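Chemist: Coordinates in coords_0.pdb, PDB, N, CA and C atoms, pLDDT in the B column, are listed below.
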```
ATOM      1  N   MET O   1      20.253  -5.371 -25.938  1.00 77.00           N
ATOM      2  CA  MET O   1      21.557  -5.968 -26.146  1.00 77.00           C
ATOM      3  C   MET O   1      22.436  -5.716 -24.929  1.00 77.00           C
ATOM      4  N   THR O   2      23.168  -6.715 -24.578  1.00 82.00           N
ATOM      5  CA  THR O   2      24.130  -6.556 -23.491  1.00 82.00           C
ATOM      6  C   THR O   2      25.434  -6.038 -24.077  1.00 82.00           C
ATOM      7  N   PHE O   3      26.397  -5.782 -23.199  1.00 88.00           N
ATOM      8  CA  PHE O   3      27.685  -5.264 -23.665  1.00 88.00           C
ATOM      9  C   PHE O   3      28.423  -6.252 -24.559  1.00 88.00           C
ATOM     10  N   ASP O   4      28.131  -7.546 -24.400  1.00 90.00           N
ATOM     11  CA  ASP O   4      28.772  -8.538 -25.258  1.00 90.00           C
ATOM     12  C   ASP O   4      27.846  -8.990 -26.393  1.00 90.00           C
ATOM     13  N   SER O   5      26.914  -8.111 -26.800  1.00 89.00           N
ATOM     14  CA  SER O   5      26.028  -8.301 -27.960  1.00 89.00           C
ATOM     15  C   SER O   5      25.092  -9.502 -27.851  1.00 89.00           C
ATOM     16  N   VAL O   6      24.644  -9.817 -26.650  1.00 91.00           N
ATOM     17  CA  VAL O   6      23.685 -10.896 -26.440  1.00 91.00           C
ATOM     18  C   VAL O   6      22.302 -10.265 -26.277  1.00 91.00           C
ATOM     19  N   PRO O   7      21.311 -10.709 -27.074  1.00 92.00           N
ATOM     20  CA  PRO O   7      19.961 -10.153 -26.924  1.00 92.00           C
ATOM     21  C   PRO O   7      19.419 -10.425 -25.519  1.00 92.00           C
ATOM     22  N   TRP O   8      18.699  -9.459 -24.978  1.00 89.00           N
ATOM     23  CA  TRP O   8      18.195  -9.559 -23.617  1.00 89.00           C
ATOM     24  C   TRP O   8      16.833  -8.885 -23.564  1.00 89.00           C
ATOM     25  N   VAL O   9      15.853  -9.524 -22.922  1.00 89.00           N
ATOM     26  CA  VAL O   9      14.492  -8.990 -22.861  1.00 89.00           C
ATOM     27  C   VAL O   9      14.079  -8.840 -21.409  1.00 89.00           C
ATOM     28  N   VAL O  10      13.448  -7.719 -21.108  1.00 90.00           N
ATOM     29  CA  VAL O  10      12.918  -7.477 -19.771  1.00 90.00           C
ATOM     30  C   VAL O  10      11.451  -7.124 -19.936  1.00 90.00           C
ATOM     31  N   SER O  11      10.612  -7.666 -19.081  1.00 92.00           N
ATOM     32  CA  SER O  11       9.205  -7.268 -19.103  1.00 92.00           C
ATOM     33  C   SER O  11       8.876  -6.624 -17.768  1.00 92.00           C
ATOM     34  N   MET O  12       7.949  -5.690 -17.812  1.00 88.00           N
ATOM     35  CA  MET O  12       7.596  -4.968 -16.605  1.00 88.00           C
ATOM     36  C   MET O  12       6.091  -4.727 -16.622  1.00 88.00           C
ATOM     37  N   LYS O  13       5.452  -4.891 -15.496  1.00 89.00           N
ATOM     38  CA  LYS O  13       4.014  -4.640 -15.399  1.00 89.00           C
ATOM     39  C   LYS O  13       3.806  -3.223 -14.889  1.00 89.00           C
ATOM     40  N   LYS O  14       3.009  -2.464 -15.609  1.00 83.00           N
ATOM     41  CA  LYS O  14       2.744  -1.081 -15.232  1.00 83.00           C
ATOM     42  C   LYS O  14       1.668  -1.031 -14.157  1.00 83.00           C
ATOM     43  N   ASN O  15       1.872  -0.210 -13.146  1.00 83.00           N
ATOM     44  CA  ASN O  15       0.903  -0.044 -12.075  1.00 83.00           C
ATOM     45  C   ASN O  15      -0.067   1.065 -12.487  1.00 83.00           C
ATOM     46  N   GLU O  16      -1.273   0.699 -12.886  1.00 79.00           N
ATOM     47  CA  GLU O  16      -2.263   1.667 -13.374  1.00 79.00           C
ATOM     48  C   GLU O  16      -2.696   2.671 -12.313  1.00 79.00           C
ATOM     49  N   HIS O  17      -2.585   2.326 -11.042  1.00 76.00           N
ATOM     50  CA  HIS O  17      -2.994   3.266  -9.995  1.00 76.00           C
ATOM     51  C   HIS O  17      -2.049   4.460  -9.941  1.00 76.00           C
ATOM     52  N   TYR O  18      -0.755   4.207  -9.969  1.00 79.00           N
ATOM     53  CA  TYR O  18       0.221   5.286  -9.867  1.00 79.00           C
ATOM     54  C   TYR O  18       0.610   5.867 -11.222  1.00 79.00           C
ATOM     55  N   PHE O  19       0.502   5.087 -12.271  1.00 81.00           N
ATOM     56  CA  PHE O  19       0.893   5.527 -13.601  1.00 81.00           C
ATOM     57  C   PHE O  19      -0.205   5.227 -14.613  1.00 81.00           C
ATOM     58  N   PRO O  20      -1.299   6.015 -14.604  1.00 81.00           N
ATOM     59  CA  PRO O  20      -2.388   5.747 -15.554  1.00 81.00           C
ATOM     60  C   PRO O  20      -1.933   6.028 -16.987  1.00 81.00           C
ATOM     61  N   THR O  21      -2.618   5.397 -17.919  1.00 84.00           N
ATOM     62  CA  THR O  21      -2.306   5.606 -19.321  1.00 84.00           C
ATOM     63  C   THR O  21      -2.742   7.006 -19.737  1.00 84.00           C
ATOM     64  N   MET O  22      -1.850   7.735 -20.417  1.00 86.00           N
ATOM     65  CA  MET O  22      -2.156   9.085 -20.880  1.00 86.00           C
ATOM     66  C   MET O  22      -1.908   9.176 -22.376  1.00 86.00           C
ATOM     67  N   GLU O  23      -2.685   9.983 -23.017  1.00 89.00           N
ATOM     68  CA  GLU O  23      -2.533  10.219 -24.455  1.00 89.00           C
ATOM     69  C   GLU O  23      -2.394  11.724 -24.655  1.00 89.00           C
ATOM     70  N   TRP O  24      -1.377  12.128 -25.383  1.00 90.00           N
ATOM     71  CA  TRP O  24      -1.179  13.546 -25.711  1.00 90.00           C
ATOM     72  C   TRP O  24      -1.564  13.728 -27.172  1.00 90.00           C
ATOM     73  N   ILE O  25      -2.537  14.605 -27.412  1.00 91.00           N
ATOM     74  CA  ILE O  25      -3.060  14.838 -28.757  1.00 91.00           C
ATOM     75  C   ILE O  25      -2.731  16.268 -29.157  1.00 91.00           C
ATOM     76  N   LYS O  26      -2.100  16.428 -30.311  1.00 93.00           N
ATOM     77  CA  LYS O  26      -1.754  17.761 -30.798  1.00 93.00           C
ATOM     78  C   LYS O  26      -3.050  18.523 -31.070  1.00 93.00           C
ATOM     79  N   ASP O  27      -3.207  19.679 -30.408  1.00 89.00           N
ATOM     80  CA  ASP O  27      -4.431  20.466 -30.505  1.00 89.00           C
ATOM     81  C   ASP O  27      -4.075  21.947 -30.506  1.00 89.00           C
ATOM     82  N   PRO O  28      -4.140  22.599 -31.672  1.00 92.00           N
ATOM     83  CA  PRO O  28      -3.777  24.015 -31.747  1.00 92.00           C
ATOM     84  C   PRO O  28      -4.699  24.919 -30.925  1.00 92.00           C
ATOM     85  N   ALA O  29      -5.874  24.436 -30.531  1.00 91.00           N
ATOM     86  CA  ALA O  29      -6.791  25.240 -29.731  1.00 91.00           C
ATOM     87  C   ALA O  29      -6.318  25.372 -28.280  1.00 91.00           C
ATOM     88  N   GLU O  30      -5.475  24.438 -27.821  1.00 86.00           N
ATOM     89  CA  GLU O  30      -4.953  24.495 -26.452  1.00 86.00           C
ATOM     90  C   GLU O  30      -3.814  25.507 -26.372  1.00 86.00           C
ATOM     91  N   GLU O  31      -3.631  26.089 -25.188  1.00 86.00           N
ATOM     92  CA  GLU O  31      -2.590  27.101 -24.982  1.00 86.00           C
ATOM     93  C   GLU O  31      -1.191  26.545 -25.263  1.00 86.00           C
ATOM     94  N   CYS O  32      -0.924  25.320 -24.787  1.00 86.00           N
ATOM     95  CA  CYS O  32       0.399  24.729 -24.976  1.00 86.00           C
ATOM     96  C   CYS O  32       0.517  23.953 -26.291  1.00 86.00           C
ATOM     97  N   GLY O  33      -0.596  23.791 -27.002  1.00 90.00           N
ATOM     98  CA  GLY O  33      -0.579  23.082 -28.277  1.00 90.00           C
ATOM     99  C   GLY O  33      -0.875  21.597 -28.175  1.00 90.00           C
ATOM    100  N   TRP O  34      -1.066  21.091 -26.962  1.00 90.00           N
ATOM    101  CA  TRP O  34      -1.344  19.674 -26.751  1.00 90.00           C
ATOM    102  C   TRP O  34      -2.506  19.506 -25.788  1.00 90.00           C
ATOM    103  N   ARG O  35      -3.320  18.487 -26.025  1.00 90.00           N
ATOM    104  CA  ARG O  35      -4.442  18.156 -25.150  1.00 90.00           C
ATOM    105  C   ARG O  35      -4.163  16.790 -24.534  1.00 90.00           C
ATOM    106  N   ARG O  36      -4.436  16.664 -23.256  1.00 89.00           N
ATOM    107  CA  ARG O  36      -4.147  15.415 -22.556  1.00 89.00           C
ATOM    108  C   ARG O  36      -5.429  14.665 -22.252  1.00 89.00           C
ATOM    109  N   VAL O  37      -5.426  13.360 -22.531  1.00 88.00           N
ATOM    110  CA  VAL O  37      -6.537  12.475 -22.209  1.00 88.00           C
ATOM    111  C   VAL O  37      -5.965  11.375 -21.318  1.00 88.00           C
ATOM    112  N   THR O  38      -6.584  11.147 -20.154  1.00 85.00           N
ATOM    113  CA  THR O  38      -6.128  10.132 -19.215  1.00 85.00           C
ATOM    114  C   THR O  38      -7.142   8.997 -19.181  1.00 85.00           C
ATOM    115  N   TYR O  39      -6.650   7.773 -19.224  1.00 84.00           N
ATOM    116  CA  TYR O  39      -7.487   6.582 -19.144  1.00 84.00           C
ATOM    117  C   TYR O  39      -7.226   5.954 -17.778  1.00 84.00           C
ATOM    118  N   GLU O  40      -8.189   6.122 -16.868  1.00 78.00           N
ATOM    119  CA  GLU O  40      -7.972   5.702 -15.490  1.00 78.00           C
ATOM    120  C   GLU O  40      -9.206   4.972 -14.961  1.00 78.00           C
ATOM    121  N   GLY O  41      -9.020   3.783 -14.451  1.00 75.00           N
ATOM    122  CA  GLY O  41     -10.127   3.019 -13.880  1.00 75.00           C
ATOM    123  C   GLY O  41     -11.215   2.702 -14.885  1.00 75.00           C
ATOM    124  N   GLY O  42     -10.848   2.484 -16.138  1.00 78.00           N
ATOM    125  CA  GLY O  42     -11.825   2.176 -17.166  1.00 78.00           C
ATOM    126  C   GLY O  42     -12.595   3.386 -17.667  1.00 78.00           C
ATOM    127  N   GLU O  43     -12.226   4.588 -17.212  1.00 81.00           N
ATOM    128  CA  GLU O  43     -12.901   5.822 -17.634  1.00 81.00           C
ATOM    129  C   GLU O  43     -11.959   6.678 -18.464  1.00 81.00           C
ATOM    130  N   VAL O  44     -12.538   7.451 -19.364  1.00 84.00           N
ATOM    131  CA  VAL O  44     -11.769   8.413 -20.149  1.00 84.00           C
ATOM    132  C   VAL O  44     -11.950   9.773 -19.494  1.00 84.00           C
ATOM    133  N   ILE O  45     -10.838  10.392 -19.094  1.00 83.00           N
ATOM    134  CA  ILE O  45     -10.878  11.676 -18.402  1.00 83.00           C
ATOM    135  C   ILE O  45     -10.123  12.694 -19.232  1.00 83.00           C
ATOM    136  N   GLN O  46     -10.771  13.806 -19.542  1.00 84.00           N
ATOM    137  CA  GLN O  46     -10.103  14.875 -20.269  1.00 84.00           C
ATOM    138  C   GLN O  46      -9.176  15.593 -19.295  1.00 84.00           C
ATOM    139  N   GLY O  47      -7.903  15.655 -19.600  1.00 76.00           N
ATOM    140  CA  GLY O  47      -6.940  16.285 -18.711  1.00 76.00           C
ATOM    141  C   GLY O  47      -6.348  15.266 -17.765  1.00 76.00           C
ATOM    142  N   GLU O  48      -5.952  15.713 -16.580  1.00 71.00           N
ATOM    143  CA  GLU O  48      -5.311  14.845 -15.600  1.00 71.00           C
ATOM    144  C   GLU O  48      -6.360  14.135 -14.759  1.00 71.00           C
ATOM    145  N   GLY O  49      -6.148  12.857 -14.506  1.00 66.00           N
ATOM    146  CA  GLY O  49      -7.086  12.079 -13.711  1.00 66.00           C
ATOM    147  C   GLY O  49      -7.021  12.425 -12.238  1.00 66.00           C
ATOM    148  N   PRO O  50      -8.011  12.008 -11.457  1.00 63.00           N
ATOM    149  CA  PRO O  50      -8.066  12.354 -10.036  1.00 63.00           C
ATOM    150  C   PRO O  50      -7.009  11.650  -9.186  1.00 63.00           C
ATOM    151  N   ASP O  51      -6.442  10.551  -9.662  1.00 58.00           N
ATOM    152  CA  ASP O  51      -5.430   9.846  -8.886  1.00 58.00           C
ATOM    153  C   ASP O  51      -4.021  10.356  -9.151  1.00 58.00           C
ATOM    154  N   GLY O  52      -3.895  11.352 -10.000  1.00 52.00           N
ATOM    155  CA  GLY O  52      -2.575  11.911 -10.298  1.00 52.00           C
ATOM    156  C   GLY O  52      -2.191  12.982  -9.299  1.00 52.00           C
ATOM    157  N   VAL O  53      -1.483  13.969  -9.751  1.00 53.00           N
ATOM    158  CA  VAL O  53      -1.040  15.074  -8.906  1.00 53.00           C
ATOM    159  C   VAL O  53      -2.256  15.874  -8.463  1.00 53.00           C
ATOM    160  N   MET O  54      -2.256  16.307  -7.213  1.00 54.00           N
ATOM    161  CA  MET O  54      -3.373  17.088  -6.697  1.00 54.00           C
ATOM    162  C   MET O  54      -3.512  18.387  -7.483  1.00 54.00           C
ATOM    163  N   PRO O  55      -4.734  18.756  -7.835  1.00 54.00           N
ATOM    164  CA  PRO O  55      -4.926  20.002  -8.580  1.00 54.00           C
ATOM    165  C   PRO O  55      -4.573  21.214  -7.728  1.00 54.00           C
ATOM    166  N   ILE O  56      -4.084  22.238  -8.385  1.00 57.00           N
ATOM    167  CA  ILE O  56      -3.753  23.473  -7.679  1.00 57.00           C
ATOM    168  C   ILE O  56      -5.034  24.255  -7.487  1.00 57.00           C
ATOM    169  N   GLY O  57      -5.278  24.677  -6.282  1.00 57.00           N
ATOM    170  CA  GLY O  57      -6.497  25.419  -5.998  1.00 57.00           C
ATOM    171  C   GLY O  57      -6.461  25.960  -4.587  1.00 57.00           C
ATOM    172  N   GLU O  58      -7.596  26.308  -4.066  1.00 53.00           N
ATOM    173  CA  GLU O  58      -7.673  26.878  -2.728  1.00 53.00           C
ATOM    174  C   GLU O  58      -7.263  25.875  -1.658  1.00 53.00           C
ATOM    175  N   ASP O  59      -7.430  24.578  -1.920  1.00 54.00           N
ATOM    176  CA  ASP O  59      -7.111  23.556  -0.924  1.00 54.00           C
ATOM    177  C   ASP O  59      -5.615  23.331  -0.770  1.00 54.00           C
ATOM    178  N   SER O  60      -4.841  23.721  -1.776  1.00 52.00           N
ATOM    179  CA  SER O  60      -3.420  23.388  -1.755  1.00 52.00           C
ATOM    180  C   SER O  60      -2.679  24.219  -0.721  1.00 52.00           C
ATOM    181  N   THR O  61      -1.610  23.640  -0.230  1.00 55.00           N
ATOM    182  CA  THR O  61      -0.761  24.354   0.727  1.00 55.00           C
ATOM    183  C   THR O  61       0.577  24.613   0.070  1.00 55.00           C
ATOM    184  N   GLU O  62       1.164  25.712   0.396  1.00 57.00           N
ATOM    185  CA  GLU O  62       2.468  26.050  -0.152  1.00 57.00           C
ATOM    186  C   GLU O  62       3.543  25.314   0.637  1.00 57.00           C
ATOM    187  N   MET O  63       4.557  24.841  -0.046  1.00 59.00           N
ATOM    188  CA  MET O  63       5.628  24.119   0.616  1.00 59.00           C
ATOM    189  C   MET O  63       6.599  25.055   1.325  1.00 59.00           C
ATOM    190  N   ASP O  64       6.659  26.321   0.902  1.00 57.00           N
ATOM    191  CA  ASP O  64       7.640  27.224   1.474  1.00 57.00           C
ATOM    192  C   ASP O  64       7.029  28.200   2.488  1.00 57.00           C
ATOM    193  N   VAL O  65       5.886  27.875   3.037  1.00 59.00           N
ATOM    194  CA  VAL O  65       5.248  28.730   4.029  1.00 59.00           C
ATOM    195  C   VAL O  65       5.982  28.565   5.350  1.00 59.00           C
ATOM    196  N   ASP O  66       6.343  29.677   5.997  1.00 61.00           N
ATOM    197  CA  ASP O  66       7.011  29.604   7.283  1.00 61.00           C
ATOM    198  C   ASP O  66       6.003  29.185   8.355  1.00 61.00           C
ATOM    199  N   VAL O  67       6.371  28.198   9.135  1.00 62.00           N
ATOM    200  CA  VAL O  67       5.513  27.715  10.202  1.00 62.00           C
ATOM    201  C   VAL O  67       6.189  28.043  11.529  1.00 62.00           C
ATOM    202  N   ALA O  68       5.446  28.656  12.403  1.00 65.00           N
ATOM    203  CA  ALA O  68       6.007  29.002  13.723  1.00 65.00           C
ATOM    204  C   ALA O  68       6.327  27.729  14.482  1.00 65.00           C
ATOM    205  N   PRO O  69       7.473  27.701  15.172  1.00 67.00           N
ATOM    206  CA  PRO O  69       7.814  26.506  15.940  1.00 67.00           C
ATOM    207  C   PRO O  69       6.832  26.293  17.094  1.00 67.00           C
ATOM    208  N   ALA O  70       6.595  25.043  17.424  1.00 66.00           N
ATOM    209  CA  ALA O  70       5.669  24.722  18.509  1.00 66.00           C
ATOM    210  C   ALA O  70       6.251  25.189  19.832  1.00 66.00           C
ATOM    211  N   SER O  71       5.443  25.830  20.650  1.00 66.00           N
ATOM    212  CA  SER O  71       5.923  26.295  21.945  1.00 66.00           C
ATOM    213  C   SER O  71       6.003  25.136  22.917  1.00 66.00           C
ATOM    214  N   GLU O  72       7.006  25.183  23.761  1.00 57.00           N
ATOM    215  CA  GLU O  72       7.198  24.066  24.698  1.00 57.00           C
ATOM    216  C   GLU O  72       6.799  24.448  26.091  1.00 57.00           C
TER     217      GLU O  72
END
```
Would you kindly transcribe this structure into structure tokens?
Modeler:
Amino acid sequence: MTFDSVPWVVSMKKNEHYFPTMEWIKDPAEECGWRRVTYEGGEVIQGEGPDGVMPIGEDSTEMDVDVAPASE
């Protein structure tokens, strides 16, 4: 509805690459109480899909690491 009470419709196409479909399922066995299932590229992935946020691990870099300035 607009401010003058006129019905209004907007449609939007979701970009599956950047915003894959996710399902949150209540699961008391999980630490947080919810289990996540991601549907990405026609595959069902338990947890977060590979095109989402990079997993935290040995490969990750810290954003607050001090870097020595380049010598000139």
Chemist: What gap, in Å, lies between atom N of Thr38 of chain O and atom C of Met12 of chain O?
Modeler: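 We find that atom N of Thr38 of chain O and atom C of Met12 of chain O lie 20.6 Å from each other.
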Chemist: Among segment 4-42 of chain O, which residues does DSSP mark as strand (DSSP E) when it is run on the backbone? Keep the chain and numbering as in the structure and answer as a list in words.
Modeler: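 Here is the list: Thr21, Met22, Glu23, Trp24, Ile25, Lys26, Trp34, Arg35, Arg36, Val37, Thr38, Tyr39 and Glu40 of chain O.
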Chemist: Once the PyMOL selection byres ((chain O and resi 22-26) around 7) has been applied to the shown file, what residues remain in the selection, as a PyMOL selection string?
Modeler: chain O and resi 19-21+27-29+33-39
Chemist: Rounded to one decimal in Å, what is the spacing between atom C of Ile45 of chain O and atom N of Lys14 of chain O?
Modeler: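 Interatomic distance here is 20.4 Å.
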Chemist: Would you compute the distance between atom N of Gln46 of chain O and atom C of Ser11 of chain O? Give it in Å to one decimal.
Modeler: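 Separation between atom N of Gln46 of chain O and atom C of Ser11 of chain O: 28.4 Å.
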